[in-house]
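Asks: Have a peek at my_file_33.json (JSON, C-alpha atoms).
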```
[["chain", "number", "residue", "atom", "x", "y", "z"],
["A", 1, "MET", "CA", 274.88, 77.59, 240.90],
["A", 2, "LYS", "CA", 273.43, 75.08, 243.27],
["A", 3, "ARG", "CA", 272.92, 77.80, 245.81],
["A", 4, "ASN", "CA", 270.94, 79.90, 243.35],
["A", 5, "ASP", "CA", 268.71, 76.92, 242.54],
["A", 6, "GLU", "CA", 268.08, 76.22, 246.20],
["A", 7, "GLN", "CA", 267.35, 79.87, 246.84],
["A", 8, "PHE", "CA", 264.98, 79.93, 243.85],
["A", 9, "ASP", "CA", 263.17, 76.75, 245.07],
["A", 10, "ALA", "CA", 262.83, 78.21, 248.58],
["A", 11, "ASP", "CA", 261.44, 81.50, 247.19],
["A", 12, "LEU", "CA", 259.05, 79.62, 244.92],
["A", 13, "LYS", "CA", 257.74, 77.44, 247.79],
["A", 14, "ALA", "CA", 257.29, 80.51, 250.03],
["A", 15, "HIS", "CA", 255.38, 82.35, 247.31],
["A", 16, "PHE", "CA", 253.21, 79.24, 246.67],
["A", 17, "GLN", "CA", 252.36, 78.88, 250.38],
["A", 18, "LYS", "CA", 251.49, 82.60, 250.61],
["A", 19, "ARG", "CA", 249.15, 82.42, 247.56],
["A", 20, "LYS", "CA", 247.61, 79.19, 248.83],
["A", 21, "ALA", "CA", 246.79, 80.82, 252.16],
["A", 22, "GLU", "CA", 245.24, 83.85, 250.42],
["A", 23, "HIS", "CA", 243.09, 81.89, 247.98],
["A", 24, "SER", "CA", 242.13, 78.71, 249.81],
["A", 25, "LEU", "CA", 238.46, 77.87, 250.51],
["A", 26, "SER", "CA", 237.00, 78.33, 253.94],
["A", 27, "SER", "CA", 235.60, 75.28, 255.72],
["A", 28, "ASP", "CA", 231.99, 76.48, 254.96],
["A", 29, "GLU", "CA", 232.81, 76.91, 251.28],
["A", 30, "LEU", "CA", 234.48, 73.53, 251.16],
["A", 31, "SER", "CA", 231.52, 71.77, 252.81],
["A", 32, "HIS", "CA", 229.10, 73.54, 250.42],
["A", 33, "MET", "CA", 231.12, 72.35, 247.42],
["A", 34, "GLN", "CA", 231.13, 68.76, 248.66],
["A", 35, "LYS", "CA", 227.32, 68.58, 249.07],
["A", 36, "PRO", "CA", 225.43, 66.98, 246.13],
["A", 37, "GLN", "CA", 223.58, 69.55, 244.04],
["A", 38, "SER", "CA", 219.75, 69.54, 244.27],
["A", 39, "ALA", "CA", 217.55, 68.35, 241.35],
["A", 40, "THR", "CA", 216.64, 70.69, 238.48],
["A", 41, "PRO", "CA", 215.00, 73.88, 239.65],
["A", 42, "ARG", "CA", 211.22, 74.21, 239.45],
["A", 43, "PRO", "CA", 211.09, 76.67, 236.50],
["A", 44, "GLN", "CA", 212.98, 74.18, 234.30],
["A", 45, "ARG", "CA", 210.44, 71.45, 235.11],
["A", 46, "PHE", "CA", 207.65, 73.81, 234.06],
["A", 47, "LEU", "CA", 209.54, 74.52, 230.82],
["A", 48, "GLY", "CA", 209.72, 70.78, 230.20],
["A", 49, "LEU", "CA", 205.96, 70.47, 230.63],
["A", 50, "GLN", "CA", 205.43, 73.37, 228.23],
["A", 51, "MET", "CA", 207.66, 71.77, 225.61],
["A", 52, "THR", "CA", 205.83, 68.44, 225.99],
["A", 53, "GLY", "CA", 202.52, 70.24, 225.47],
["A", 54, "VAL", "CA", 203.82, 72.00, 222.35],
["A", 55, "PHE", "CA", 205.06, 68.74, 220.83],
["A", 56, "ALA", "CA", 201.74, 67.02, 221.60],
["A", 57, "ALA", "CA", 199.81, 69.89, 219.96],
["A", 58, "LEU", "CA", 202.05, 69.74, 216.87],
["A", 59, "ALA", "CA", 201.57, 65.97, 216.63],
["A", 60, "ILE", "CA", 197.78, 66.36, 216.79],
["A", 61, "LEU", "CA", 197.85, 69.14, 214.19],
["A", 62, "GLY", "CA", 200.00, 67.01, 211.89],
["A", 63, "PHE", "CA", 197.64, 64.06, 212.26],
["A", 64, "VAL", "CA", 194.59, 66.21, 211.46],
["A", 65, "MET", "CA", 196.28, 67.74, 208.41],
["A", 66, "LEU", "CA", 197.30, 64.32, 207.08],
["A", 67, "GLN", "CA", 193.75, 63.03, 207.51],
["A", 68, "TYR", "CA", 192.35, 66.08, 205.71],
["A", 69, "ASN", "CA", 194.83, 65.72, 202.82],
["A", 70, "ASN", "CA", 194.08, 62.00, 202.50],
["A", 71, "ARG", "CA", 190.35, 62.75, 202.36],
["A", 72, "GLU", "CA", 190.96, 65.29, 199.59],
["A", 73, "LEU", "CA", 192.96, 62.75, 197.57],
["A", 74, "THR", "CA", 190.18, 60.18, 197.72],
["A", 75, "ASP", "CA", 187.64, 62.65, 196.26],
["A", 76, "VAL", "CA", 189.52, 63.10, 192.98],
["A", 77, "TYR", "CA", 187.50, 62.53, 189.82],
["A", 78, "ALA", "CA", 189.26, 61.41, 186.68],
["A", 79, "VAL", "CA", 187.79, 62.33, 183.33],
["A", 80, "ASP", "CA", 188.34, 60.45, 180.09],
["A", 81, "LEU", "CA", 186.72, 62.35, 177.24],
["A", 82, "SER", "CA", 186.51, 59.21, 175.13],
["A", 83, "ASP", "CA", 183.93, 57.82, 177.60],
["A", 84, "TYR", "CA", 181.38, 60.41, 176.46],
["A", 85, "GLN", "CA", 179.44, 60.43, 173.23],
["A", 86, "TRP", "CA", 179.09, 64.21, 173.05],
["A", 87, "LEU", "CA", 181.26, 67.14, 174.09],
["A", 88, "GLU", "CA", 179.67, 70.57, 174.53],
["A", 89, "VAL", "CA", 182.01, 73.58, 174.38],
["A", 90, "HIS", "CA", 180.67, 76.93, 175.65],
["A", 91, "GLU", "CA", 182.74, 80.12, 175.46],
["A", 92, "LEU", "CA", 182.83, 83.78, 174.56],
["A", 93, "ASP", "CA", 184.79, 84.49, 171.38],
["A", 94, "ALA", "CA", 187.24, 87.38, 170.93],
["A", 95, "LYS", "CA", 184.36, 89.75, 170.04],
["A", 96, "GLY", "CA", 182.45, 88.84, 173.22],
["A", 97, "SER", "CA", 179.80, 86.76, 171.42],
["A", 98, "TYR", "CA", 178.53, 83.58, 173.02],
["A", 99, "VAL", "CA", 179.58, 80.47, 171.09],
["A", 100, "SER", "CA", 178.56, 76.90, 171.79],
["A", 101, "ASN", "CA", 179.59, 73.84, 169.86],
["A", 102, "LEU", "CA", 178.44, 70.28, 170.15],
["A", 103, "LYS", "CA", 181.15, 67.85, 169.09],
["A", 104, "GLN", "CA", 180.61, 64.16, 168.64],
["A", 105, "GLN", "CA", 183.35, 62.10, 170.20],
["A", 106, "LYS", "CA", 182.84, 58.81, 168.37],
["A", 107, "GLN", "CA", 183.46, 58.18, 164.67],
["A", 108, "ASN", "CA", 180.14, 56.50, 163.83],
["A", 109, "LEU", "CA", 177.33, 59.04, 163.45],
["A", 110, "ASP", "CA", 174.00, 58.47, 165.09],
["A", 111, "ALA", "CA", 171.06, 58.24, 162.69],
["A", 112, "ASN", "CA", 169.00, 60.40, 165.09],
["A", 113, "TYR", "CA", 171.55, 63.20, 165.29],
["A", 114, "GLN", "CA", 169.18, 66.03, 164.30],
["A", 115, "GLN", "CA", 166.44, 64.88, 166.72],
["A", 116, "ALA", "CA", 168.94, 64.45, 169.57],
["A", 117, "LEU", "CA", 170.37, 67.90, 168.87],
["A", 118, "ALA", "CA", 166.90, 69.50, 168.86],
["A", 119, "ASN", "CA", 166.00, 67.81, 172.16],
["A", 120, "HIS", "CA", 169.29, 68.88, 173.64],
["A", 121, "GLN", "CA", 168.83, 72.54, 172.67],
["A", 122, "ALA", "CA", 165.21, 72.57, 173.92],
["A", 123, "ARG", "CA", 166.18, 71.91, 177.53],
["A", 124, "THR", "CA", 166.40, 74.90, 179.88],
["A", 125, "SER", "CA", 168.25, 73.36, 182.82],
["A", 126, "PHE", "CA", 170.12, 70.23, 183.77],
["A", 127, "THR", "CA", 172.32, 68.86, 186.54],
["A", 128, "GLY", "CA", 175.84, 67.55, 186.31],
["A", 129, "ARG", "CA", 178.95, 66.84, 188.32],
["A", 130, "LEU", "CA", 182.10, 68.95, 187.95],
["A", 131, "VAL", "CA", 184.62, 66.27, 187.01],
["A", 132, "SER", "CA", 187.66, 68.31, 185.96],
["A", 133, "VAL", "CA", 188.98, 71.79, 186.63],
["A", 134, "ASP", "CA", 191.90, 73.38, 184.85],
["A", 135, "ASN", "CA", 191.49, 76.57, 182.84],
["A", 136, "ASP", "CA", 188.20, 75.14, 181.53],
["A", 137, "TRP", "CA", 185.58, 73.24, 183.50],
["A", 138, "TYR", "CA", 184.21, 69.84, 182.46],
["A", 139, "ILE", "CA", 180.76, 68.91, 183.77],
["A", 140, "ALA", "CA", 179.33, 65.41, 183.28],
["A", 141, "ASP", "CA", 175.57, 65.60, 182.66],
["A", 142, "CYS", "CA", 173.66, 63.33, 185.06],
["A", 143, "GLU", "CA", 170.83, 62.50, 182.66],
["A", 144, "GLN", "CA", 172.48, 62.09, 179.27],
["A", 145, "ASN", "CA", 175.78, 60.80, 177.99],
["A", 146, "VAL", "CA", 177.09, 64.36, 177.55],
["A", 147, "ILE", "CA", 180.07, 66.17, 178.97],
["A", 148, "VAL", "CA", 179.90, 69.95, 179.01],
["A", 149, "GLN", "CA", 183.09, 71.99, 178.62],
["A", 150, "ILE", "CA", 182.86, 75.58, 179.82],
["A", 151, "LYS", "CA", 185.71, 77.83, 178.76],
["A", 152, "GLN", "CA", 187.38, 80.34, 181.06],
["A", 153, "SER", "CA", 185.95, 83.30, 179.11],
["A", 154, "LEU", "CA", 182.37, 82.26, 179.91],
["A", 155, "LEU", "CA", 183.23, 81.48, 183.54],
["A", 156, "GLU", "CA", 184.59, 85.02, 183.94],
["A", 157, "GLU", "CA", 181.45, 86.50, 182.35],
["A", 158, "LEU", "CA", 179.15, 84.46, 184.62],
["A", 159, "GLN", "CA", 181.18, 85.57, 187.63],
["A", 160, "LYS", "CA", 180.83, 89.24, 186.59],
["A", 161, "HIS", "CA", 177.04, 88.87, 186.49],
["A", 162, "GLY", "CA", 176.93, 87.03, 189.82],
["A", 163, "THR", "CA", 175.44, 83.87, 188.29],
["A", 164, "LEU", "CA", 178.40, 81.62, 189.19],
["A", 165, "ASP", "CA", 178.67, 80.27, 192.72],
["A", 166, "THR", "CA", 182.09, 81.08, 194.15],
["A", 167, "HIS", "CA", 182.58, 77.97, 196.31],
["A", 168, "ILE", "CA", 182.41, 75.30, 193.61],
["A", 169, "HIS", "CA", 184.99, 72.51, 193.78],
["A", 170, "GLN", "CA", 185.79, 69.49, 191.68],
["A", 171, "GLY", "CA", 183.25, 66.74, 192.39],
["A", 172, "ASP", "CA", 180.41, 69.12, 193.29],
["A", 173, "LEU", "CA", 176.93, 68.60, 191.89],
["A", 174, "LEU", "CA", 175.86, 71.61, 189.82],
["A", 175, "ALA", "CA", 172.66, 72.99, 188.31],
["A", 176, "LEU", "CA", 173.12, 74.64, 184.92],
["A", 177, "ASP", "CA", 170.44, 77.04, 183.65],
["A", 178, "GLN", "CA", 170.14, 77.81, 179.95],
["A", 179, "ASN", "CA", 168.17, 80.37, 177.98],
["A", 180, "LYS", "CA", 166.01, 79.55, 174.91],
["A", 181, "GLN", "CA", 169.05, 79.62, 172.64],
["A", 182, "GLY", "CA", 170.76, 76.93, 174.75],
["A", 183, "GLN", "CA", 173.29, 79.35, 176.25],
["A", 184, "ILE", "CA", 174.35, 78.70, 179.84],
["A", 185, "ILE", "CA", 173.25, 81.66, 181.96],
["A", 186, "ALA", "CA", 173.89, 80.37, 185.50],
["A", 187, "LEU", "CA", 175.93, 77.75, 187.38],
["A", 188, "LYS", "CA", 174.81, 76.96, 190.93],
["A", 189, "GLN", "CA", 176.06, 74.38, 193.40],
["A", 190, "LEU", "CA", 173.55, 71.78, 194.62],
["A", 191, "THR", "CA", 173.77, 69.91, 197.90],
["A", 192, "HIS", "CA", 174.47, 66.19, 197.58],
["A", 193, "GLU", "CA", 171.09, 65.48, 199.17],
["A", 194, "ALA", "CA", 169.26, 67.56, 196.56],
["A", 195, "LYS", "CA", 169.78, 65.10, 193.72],
["A", 196, "LYS", "CA", 171.86, 62.01, 193.21],
["A", 197, "CYS", "CA", 174.05, 61.89, 190.13],
["A", 198, "THR", "CA", 175.50, 58.57, 188.98],
["A", 199, "SER", "CA", 178.01, 59.97, 186.50]]
```
Any chance you could put this one into structure tokens?
Replies:
Amino acid sequence: MKRNDEQFDADLKAHFQKRKAEHSLSSDELSHMQKPQSATPRPQRFLGLQMTGVFAALAILGFVMLQYNNRELTDVYAVDLSDYQWLEVHELDAKGSYVSNLKQQKQNLDANYQQALANHQARTSFTGRLVSVDNDWYIADCEQNVIVQIKQSLLEELQKHGTLDTHIHQGDLLALDQNKQGQIIALKQLTHEAKKCTS
């Protein structure tokens, strides 16, 4: 048995030496493998510069967007209906007729109610600031202690007739035109320089 093992070891060593001679590295290949590899190739450096530029552009875009959003949040107007003595509600009813109501917000009635109402209905235009937008718009009158509520039905009708500016946003100063019956017939945006409104 020992002879078989010795024969097997000798055959195994001979086969190993033969395979080693066939698959060993040449001296050029060995010297090439032992040299330190050069730094990253040039195209990868360019890719790194591109990625740095992309990240810088994204950072600038993010900064600009945050500044814009913060500016929008500081221009928010809060409306408390109890701060106003009168509330005007303008709308079109289910039959398409124009309806306007003047509601008094406070419990104590003013002795000059009829005179104030007549003066109010006699005006043909006024300015106000759009203080709230949901389905209805709330406009605080600059000259009187009145808040005007305009229902969605009337807004749609004004838009159909082209008498409603399309780029109106909360906080904008508006000019409201009325006919002789006191019905609002147009809503136009004013520039902030055109007239100052303290409400």
Asks: With the cut-off set at 10 Å and counting only C-alpha atoms, tabulate each residue of region 125-150 of chain A with an atom at most that distance from an atom of region 156-174 of chain A, showing the nearest atom pair and its distance in Å to one decimal, ordered by chain and increasing number, as a Markdown table.
Replies:
```
| residue | atom | partner | partner_atom | distance |
| --- | --- | --- | --- | --- |
| A:Phe126 | CA | A:Leu174 | CA | 8.5 |
| A:Thr127 | CA | A:Leu174 | CA | 5.6 |
| A:Gly128 | CA | A:Leu174 | CA | 5.4 |
| A:Arg129 | CA | A:Leu173 | CA | 4.5 |
| A:Leu130 | CA | A:Gly171 | CA | 5.1 |
| A:Val131 | CA | A:Gly171 | CA | 5.6 |
| A:Ser132 | CA | A:Gln170 | CA | 6.1 |
| A:Val133 | CA | A:Gln170 | CA | 6.4 |
| A:Asp134 | CA | A:Gln170 | CA | 10.0 |
| A:Trp137 | CA | A:Gln170 | CA | 9.0 |
| A:Tyr138 | CA | A:Gln170 | CA | 9.4 |
| A:Ile139 | CA | A:Leu174 | CA | 8.2 |
| A:Ala140 | CA | A:Leu173 | CA | 9.5 |
| A:Asp141 | CA | A:Leu174 | CA | 9.4 |
| A:Cys142 | CA | A:Leu173 | CA | 9.2 |
```
Asks: Using Å and a single decimal, report how far CA of His90 (chain A) sits from CA of Asn179 (chain A).
Replies: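 Between CA of Asn179 (chain A) and CA of His90 (chain A) the gap is 13.2 Å.
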Asks: Interatomic distance between CA of Ser153 (chain A) and CA of Glu88 (chain A)?
Replies: 14.9 Å
Asks: Quick one: distance from CA of Gln189 (chain A) to CA of Leu176 (chain A) in Å, one decimal?
Replies: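 So the answer is 9.0 Å.
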Asks: Would you mind telling me which residue in A:Leu155, A:Leu30, A:Leu12, A:Val148 lies nearest to Leu87 (chain A) when using all atoms listed in the file?
Replies: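 Checking each candidate against Leu87 (chain A), we get A:Val148 as the closest.
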Asks: Looking at all atoms listed in the file, which of A:Ser24, A:Gln67, A:Leu61, A:Tyr113 is the one that sits closest to Gln85 (chain A)?
Replies: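 Among A:Ser24, A:Gln67, A:Leu61, A:Tyr113, it is A:Tyr113 that comes nearest to Gln85 (chain A).
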Asks: Tell me which residues come within 9 Å of (183.8, 62.7, 176.7), as a list in words, counting all atoms listed in the file in the file's coordinates.
Replies: Val79, Asp80, Leu81, Ser82, Asp83, Tyr84, Gln85, Trp86, Leu87, Gln104, Gln105, Ala140, Asn145, Val146, Ile147 and Val148 of chain A
